[in-house]
Structure formats: C-alpha cells, structure tokens
Amino acid sequence: MSKEEVKVSKKETDVKDWTICEATAQMLNRARLDGVETAFDRAASMKACPIGADSACCKHCAMGPCRLNSKDPYSKVGVCGADIDTIQARNFARMVAAGSASHTDHGMAMLDLFRDVVTGKNTDYSIKDPLKLEDVAASIGIETKDREIKDIAMDLYHELERTYTQVDGEIPFAKRVPPATLETWRKYGLVPRGAMREIMELMHRTHMGVDQQHENITRQSSRTALADGWGGSMVATEISDILFGTPSPVVAEVDMGVLKEDEVNVIVHGHEPNLFESMLASVNDPTLLEGAKKAGAKGINLVGMCCSGAEMMSRHGIPHGGNFMSTEPILCTGAVDAMAVDVQCIQQGLAKVADCYGTPLFTTNPRCRIEGVTHIEFHEHEPRESTDEIVIRAITRFKNRTARVEIPKLKSTGVHGFSFEYINYMLGGSFRGSYKPLNDNIINGRIRGVAGVVGCTNPRVKQDWVHVELVKELIKNDVLVLQTGCSQIALAKAGLLRPEAAHLAGKGLAEVCETVGMPPVLGLGSCVDNSRILIAASEMVRTGGLGNSLADLPVAGAAPEWMSEKAICIGQYFVASGVFTVFGVTFPIIEGTKFHKLLFEGLEKQGMGKWGFTPDPYEMARMMIEHIDKKRKALGLDKARERVLMSMEDRQKLDAA
Ligand code: SF4
Ligand code: MSK
C-alpha cells in the first residue's frame with residue numbers, strides 16, 4: 001500500500017470499526033475534525049511488521065540483525081547459527097523479563113513505602129488494614145499471636161523483601177502454592193528465588209551465545225514469570241491492601257460521562273496507588289476546594305484511568321474514565337484540567353493530544369519522563385507537595401479553559417472490589433467464610449467453571465469488542481468470570497458488572513448469582529491484582545473436591561486484546577501455575593515450530609497449563625469451555641453436571657404432573 005492509499009483508507013475508516021466504546025468513538029470523530037492524531041490512526045497507517053510479529057528476527061548482537069522469515073523457518077539460521085527455536089524462545093523470554101521487572105519494581109516500591117511507614121519514617125500513610133496484615137503474615141509462617149502489629153509488620157517486611165533480593169531458596173509466597181503444584185515446580189526447577197536474581201539470570205541466558213536450547217530457556221522464563229505472579233505482583237497487591245484497605249464491593253461509575261463540565265477534572269493514569277491516594281487527599285483539601293470554587297468550579301472531580309484507576313475504583317469507588325485505548329481520546333473532551341501519570345502504559349502520544357486541547361500533562365515518577373512534558377516528582381515522604389501542585393495547576397487551567405468542552409453523555413454503573421477475602425465472606429458469611437459454596441456449585445454443575453479474563457486493549461483489534469463478546473459467551477455457558485485491568489473496564493462499560501446482568505448468564509450461574517446477589521462478572525482490580533486470582537484458585541484447591549493441583553481445576557484464562565510485555569509475563573505465570581491461557585490479537589511465535597509445540601502442548605504434559613491463541617472471541621470461548629469440560633471430566637464431574645440437568649428435568653416432570 002502506498003502512502004497515498006494509506007491516507008485514503010484512513011479517511012474512509014468508520015471509527016465504529018475501531019471501537020465499540022461509544023464515548024471513545026465520539027472523541028475519535030472530534031479528533032478527526034480537529035486534525036488530531038491518536039494511536040488508532042497510527043495503527044491504521046503503520047502495518048505491524050510481519051517478521052517481528054512472528055518473532056522471526058534477532059538483534060541480540062551486531063553480527064545481525066538476522067531474519068529467519070522464509071517459508072520454512074528451519075531452512076536458515078542466524079549468523080551465529082542460532083535456529084528459529086532459540087531466537088523465538090529468547091525473544092519471548094525477554095518479554096517475560098520486562099513484564100516481570102515492571103511488576104516487581106512496582107511491588108518493591110510498595111514494599112519500600114511499607115517499610116518507611118512501619119519504621120515511622122513516613123507518617124503520611126498508615127496501616128489501614130491490620131487484620132489483613134496478620135492474615136498475610138500468618139500465611140507465610142510469621143507468628144502473630146499476642147504480638148504488637150508493629151513487630152509483626154517489621155517481620156513481614158523482612159520476609160517479603162526476600163521476594164526480590166534473595167539469592168537462594170524459595171520465595172515466601174511459595175508457601176501459598178498448593179503442594180501438588182509446588183511439587184511440579186520443584187521437579188522442573190521453577191520455584192523462584194528472588195525476582196532480581198531470576199530476571200538477571202534470564203537476561204544473561206538470552207544474551208548472544210549463552211542458552212541455546214529452547215526448553216532450557218523456557219524453564220527460566222517460567223521461573224521469572226512465577227517470580228512476578230507469586231512474588232512481585234502478589235506483594236504489590238497485599239501491601240497495597242494493608243496500607244490502603246482491602247477492597248470490598250463498591251458501586252462505581254465508568255466511562256467518559258464521569259467528567260463534569262462545571263468542576264475541575266483531574267485524571268490519574270498509571271499503576272501505583274500511592275500517587276492516587278495522595279491525589280485523593282489533595283482534591284479533598286479544604287483550601288484547594290476553596291481555590292476551585294473561587295475559580296468558578298463547583299468542585300474538584302477526581303477520575304482514574306487504566307490500572308491505577310481500576311485499583312482505586314475497586315478500593316474507594318472513584319469514578320473511572322476508560323481503559324488504555326481511551327487515554328488519548330478522553331483528552332479530546334477538552335474537559336480534562338490535568339492528567340497525572342506515573343508508570344506503565346503511558347503512551348508518549350498523550351503529550352501531543354494534551355497539548356492540542358490545552359490540558360496540562362504531568363509525569364510524576366522518576367522512572368517515567370516524557371519529552372516536552374512537565375515533571376512534578378512525587379516523593380512518598382512529601383506526597384502532597386506533588387499532588388497539591390498538580391491540583392493547583394488544574395484549577396488554573398479550569399479558570400482559563402479555552403478548548404471547547406464536549407463530554408460524551410455516557411456512563412455505566414457497576415459493582416467492583418471483589419477481593420479474595422470478600423469472595424470468601426460473600427459465599428460463606430462472616431462466621432463461616434469459605435470457598436466451599438463455590439466448590440459445591442462447581443461440583444453440582446450450576447457453575448461449569450471459572451475464567452479469568454484480563455488484560456489490555458489494543459488498536460490492532462476493535463477496542464472492547466473481543467473482551468465483551470468473549471465474556472458474554474462464557475457466562476451464557478455458566479462460566480463465572482473474574483476480571484482485572486482494562487478488560488474489567490470494557491465489561492463495566494457494557495454493564496456486565498452489576499447483579500442485574502445475571503439474566504445474561506446460563507441458568508445455573510444465574511441461579512447462584514441471584515441467590516448470593518452478585519454479578520456474573522466479578523471485578524478484582526488492576527493487572528497486579530491478577531495475583532488475587534491465583535490466591536482464589538489456590539483456595540479452591542485447598543477447599544477440596546476439585547483435585548490436588550491448580551492444573552486440575554476447571555478453570556481457564558484469557559487476555560483477548562493484550563498488547564504489553566506484562567501481559568506475556570502474566571500469561572506465562574498462569575500457564576506455569578497450571579492454567580490454560582488463551583491470547584487474542586497475535587502471538588509472537590511461528591506455528592509448527594518446536595518452541596510453539598512446547599508452549600501450546602508440551603508444558604501441559606509436564607503438569608502445567610498451556611497456551612492457546614485465537615483472535616476470534618467465540619472460538620476463544622469454545623476453547624476455554626472445552627478445556628473446562630475436559631477438567632470436569634477428569635474430576636468425574638461431567639456426571640455430576642448431567643445429574644443436575646436430570647434432576648431439573650425430573651422436577652419439571654413433577655411440575656407438569
Ligand atoms: Fe544473529 Fe545470532 Fe547475533 Fe542473533 S545472536 S543477531 S541470530 S548472530
Ligand atoms: S493498564 S498492562 S493496558 S491491562 Fe494495567 Fe491495561 Fe494492559 Fe496496561
């Protein structure tokens with residue numbers, strides 16, 4: 001396609017082909033009228049590189065870069081002799097390393113803050129959930145009885161620090177892994193030491209001329225991914241709960257209609273809750289509220305986006321403006337008076353769009369600066385300095401708004417904040433909190449199985465569509481869906497995170513939802529909160545009746561519109577934990593290669609899960625349900641499911657008589 005042809009096709013594309021999010025579509029049309037470019041335009045005009053998409057190239061040394069992009073990938077090798085399996089396994093491994101590093105660095109930042117709170121160095125934050133602190137400490141063998149919270153907290157800090165720094169031995173949360181799963185990991189040498197060591201070793205092994213056996217590379221990929229799921233991410237979630245409170249169901253609004261024309265709109269976008277928590281304090285500061293009123297605003301409206309938004313929505317019911325692919329379009333409303341970002345999934349393109357609509361954009365984290373964007377650094381020991389300043393600048397922008405304001409009148413209300421602890425309470429009550437009712441309903445067949453549907457949005461596919469269609473298919477077939485991240489926001493906008501959505505579920509799941517008063521789709525939070533799914537799955541094993549290892553459970557996972565390296569790492573830790581995990585969009589491996597066979601078949605034979613791929617949501621649902629049924633059969637539950645249907649028929653016959 002020539003450049004001219006690209007321009008024509010770009011003009012002719014209906015934005016409704018790019019997204020099912022109506023608010024985003026409205027803003028994309030406005031962007032076109034205003035001559036503003038977004039990632040949707042760039043994706044349309046920049047074809048994905050087919051060699052890179054297949055992971056058929058290597059640039060690990062200056063003898064290359066080497067491309068193995070012929071019809072038969074085994075007909076060529078790189079200059080050093082590396083074959084296609086080595087090249088693909090190394091590329092995949094480096095995605096895992098980057099994803100694991102992102103989550104573990106986030107988790108370590110949370111742990112640093114926790115240490116400073118416990119030692120009294122930081123008095124701006126405090127321990128909000130001491131009960132959770134005791135539970136987490138007890139889960140890894142720390143004595144809690146008759147001890148001061150401060151002493152338990154200090155022990156917990158030292159123990160969890162090993163998650164990152166330990167040079168040998170198993171990470172603390174390995175104690176939470178079901179024994180049969182842990183046994184498999186030990187057999188293949190997958191139990192993580194500290195994340196720093198695992199990531200370092202993986203980067204070393206994928207350097208030119210080191211590990212050149214795809215199975216051996218993949219073992220270290222699994223170990224590094226597990227250091228994220230059961231390490232970095234799990235610590236991030238648990239420490240955030242201890243410091244800021246464990247989520248429980250809360251009603252929250254989602255979509256661009258949460259912006260308010262007559263208020264100062266402040267958006268926080270990124271991943272770490274400490275910035276957002278401080279911003280929450282700033283927007284409620286009487287002096288700043290007074291300042292906003294003096295500027296003619298009715299108040300200050302705090303809105304979240306992406307994962308820090310999902311986390312704050314789950315914890316405090318803060319309204320959410322949209323997922324990853326809506327972060328540029330929301331700026332086209334002209335109503336955003338400041339956007340503060342920290343780390344991860346912050347597109348550089350935001351800077352230009354913000355500039356076009358006169359929205360001040362601020363980076364706040366020393367790890368993430370953007371050319372041409374004002375940096376107001378956030379320091380945990382003086383958190384309000386940064387967030388107050390951002391609010392002051394937002395008030396000034398409100399007073400001097402020049403951009404025309406156009407806020408899509410679209411928002412959806414849902415229930416969020418289903419932590420592992422709340423699911424326990426919801427099902428079993430406060431005195432007998434338990435996962436037994438969930439297991440029983442899986443055993444009796446009302447619930448066919450459980451699916452985790454998570455991850456990003458990606459302009460290579462129609463935004464939100466794959467998520468929504470997949471989840472609808474799953475719940476229709478009695479599969480309970482757990483969600484995190486940008487996927488949760490897609491389904492919230494579609495209205496599936498409210499109890500009334502139970503009517504879209506199959507008869508069995510609907511019955512359970514109506515009895516408990518829960519939606520068929522449970523929102524758990526941000527992408528680090530995928531660790532909540534691991535903890536829930538482990539509890540299902542421990543509760544009994546569904547096998548001995550995570551791989552025995554009738555569960556499956558999906559990231560239908562993934563885009564980030566973090567998503568690949570999450571996928572790999574779910575697979576290594578025993579979960580069949582299906583990705584959409586594209587998969588960075590050539591089908592039919594030995595490495596492909598290892599990920600898509602071989603790992604399952606070793607007692608783990610396996611990968612699956614399809615861009616089609618209906619096929620994805622079929623694959624996940626087929627897997628769930630396979631696991632039910634292995635557990636002897638296919639008969640139980642038939643029994644339920646028979647007894648219902650019997651009942652109908654009785655009714656008719
Ligand atoms: Fe080519 Fe080997 Fe260098 Fe990779 S490591 S760029 S395959 S020579
Ligand atoms: S923010 S990693 S786009 S879920 Fe976590 Fe969303 Fe994916 Fe970023």
# chains A, B, ... in the order shown; residues from 1 in each chain; ligands from 1
>>> residues_around(residues="Arg446 of chain A", least_positions_apart="3", cutoff="9 Å", atoms="only C-alpha atoms", output="compact mmCIF listing (two decimals) with C-alpha atoms, in the first residue's frame")
# COMPACT_ATOMS: atom_id res chain seq x y z
CA ASP A 440 -20.03 -27.12 45.73
CA ASN A 441 -21.68 -25.18 42.93
CA ILE A 442 -18.90 -26.22 40.55
CA ILE A 443 -19.22 -29.83 41.67
CA ASP A 478 -22.35 -20.95 33.17
CA GLY A 506 -26.85 -19.55 31.89
CA LYS A 507 -29.50 -20.96 34.19
CA GLY A 508 -27.09 -22.44 36.74
CA LEU A 509 -24.81 -19.43 37.07
CA ALA A 510 -27.81 -17.06 37.12
CA GLU A 511 -29.30 -19.06 39.99
CA VAL A 512 -26.09 -18.74 42.03
CA ARG A 641 -23.38 -31.92 35.72
CA VAL A 644 -28.17 -31.71 37.89
>>> residues_near_ligand(ligand="ligand 2", cutoff="6 Å", atoms="only C-alpha atoms and all ligand atoms", output="ChimeraX atom specification")
/A:306-307,324,345,455-457,485-486,526-527,564,566
>>> residues_around(residues="His269 of chain A", least_positions_apart="5", cutoff="9 Å", atoms="only C-alpha atoms", output="number ranges by chain")
A: 276, 303-309, 327, 339-343, 345-346
>>> closest_residue(among="A:Ala174, A:Glu380, A:Arg94, A:Ala494", to="Lys121 of chain A", atoms="only C-alpha atoms")
A:Glu380
>>> closest_residue(among="A:His381, A:Arg205, A:Lys150, A:Lys605", to="Val118 of chain A", atoms="only C-alpha atoms")
A:Lys150
>>> closest_residue(among="A:Thr387, A:Thr581, A:Thr104, A:Thr119", to="Met234 of chain A", atoms="only C-alpha atoms")
A:Thr104
>>> closest_residue(among="A:Lys71, A:Arg404, A:Arg532, A:Lys411", to="Gly322 of chain A", atoms="only C-alpha atoms")
A:Lys411
>>> residues_around(residues="Gly578 of chain A", least_positions_apart="5", cutoff="8 Å", atoms="only C-alpha atoms", output="JSON, numbers by chain")
{"A": [181, 549, 550, 551, 552, 604, 607, 608, 609, 610]}
>>> write_last_selection(atoms="N, CA, C and O atoms", output="JSON list (two decimals), in the first residue's frame")
[["chain", "number", "residue", "atom", "x", "y", "z"],
["A", 181, "THR", "N", 1.14, -28.60, 43.03],
["A", 181, "THR", "CA", 1.67, -27.65, 42.05],
["A", 181, "THR", "C", 3.13, -27.34, 42.37],
["A", 181, "THR", "O", 4.00, -27.32, 41.49],
["A", 549, "SER", "N", -4.02, -30.17, 42.36],
["A", 549, "SER", "CA", -3.14, -29.09, 41.90],
["A", 549, "SER", "C", -3.95, -28.06, 41.12],
["A", 549, "SER", "O", -5.11, -28.32, 40.73],
["A", 550, "LEU", "N", -3.35, -26.90, 40.91],
["A", 550, "LEU", "CA", -4.05, -25.85, 40.15],
["A", 550, "LEU", "C", -4.41, -26.35, 38.75],
["A", 550, "LEU", "O", -5.42, -25.96, 38.18],
["A", 551, "ALA", "N", -3.56, -27.23, 38.21],
["A", 551, "ALA", "CA", -3.81, -27.76, 36.86],
["A", 551, "ALA", "C", -5.04, -28.66, 36.81],
["A", 551, "ALA", "O", -5.56, -28.92, 35.73],
["A", 552, "ASP", "N", -5.52, -29.12, 37.97],
["A", 552, "ASP", "CA", -6.71, -29.99, 37.98],
["A", 552, "ASP", "C", -8.01, -29.19, 37.88],
["A", 552, "ASP", "O", -9.06, -29.73, 37.55],
["A", 604, "GLU", "N", 1.85, -28.63, 29.19],
["A", 604, "GLU", "CA", 0.72, -29.32, 29.83],
["A", 604, "GLU", "C", 1.12, -30.76, 30.19],
["A", 604, "GLU", "O", 0.74, -31.28, 31.25],
["A", 607, "GLY", "N", 2.64, -31.21, 33.47],
["A", 607, "GLY", "CA", 1.82, -30.96, 34.66],
["A", 607, "GLY", "C", 1.48, -29.50, 34.87],
["A", 607, "GLY", "O", 0.96, -29.12, 35.93],
["A", 608, "MET", "N", 1.81, -28.66, 33.87],
["A", 608, "MET", "CA", 1.46, -27.25, 33.99],
["A", 608, "MET", "C", 0.22, -26.97, 33.15],
["A", 608, "MET", "O", -0.52, -27.88, 32.78],
["A", 609, "GLY", "N", 0.00, -25.69, 32.80],
["A", 609, "GLY", "CA", -1.08, -25.36, 31.86],
["A", 609, "GLY", "C", -0.49, -25.30, 30.46],
["A", 609, "GLY", "O", 0.59, -25.84, 30.20],
["A", 610, "LYS", "N", -1.19, -24.63, 29.55],
["A", 610, "LYS", "CA", -0.66, -24.46, 28.20],
["A", 610, "LYS", "C", -1.23, -23.17, 27.61],
["A", 610, "LYS", "O", -2.21, -22.62, 28.11]]
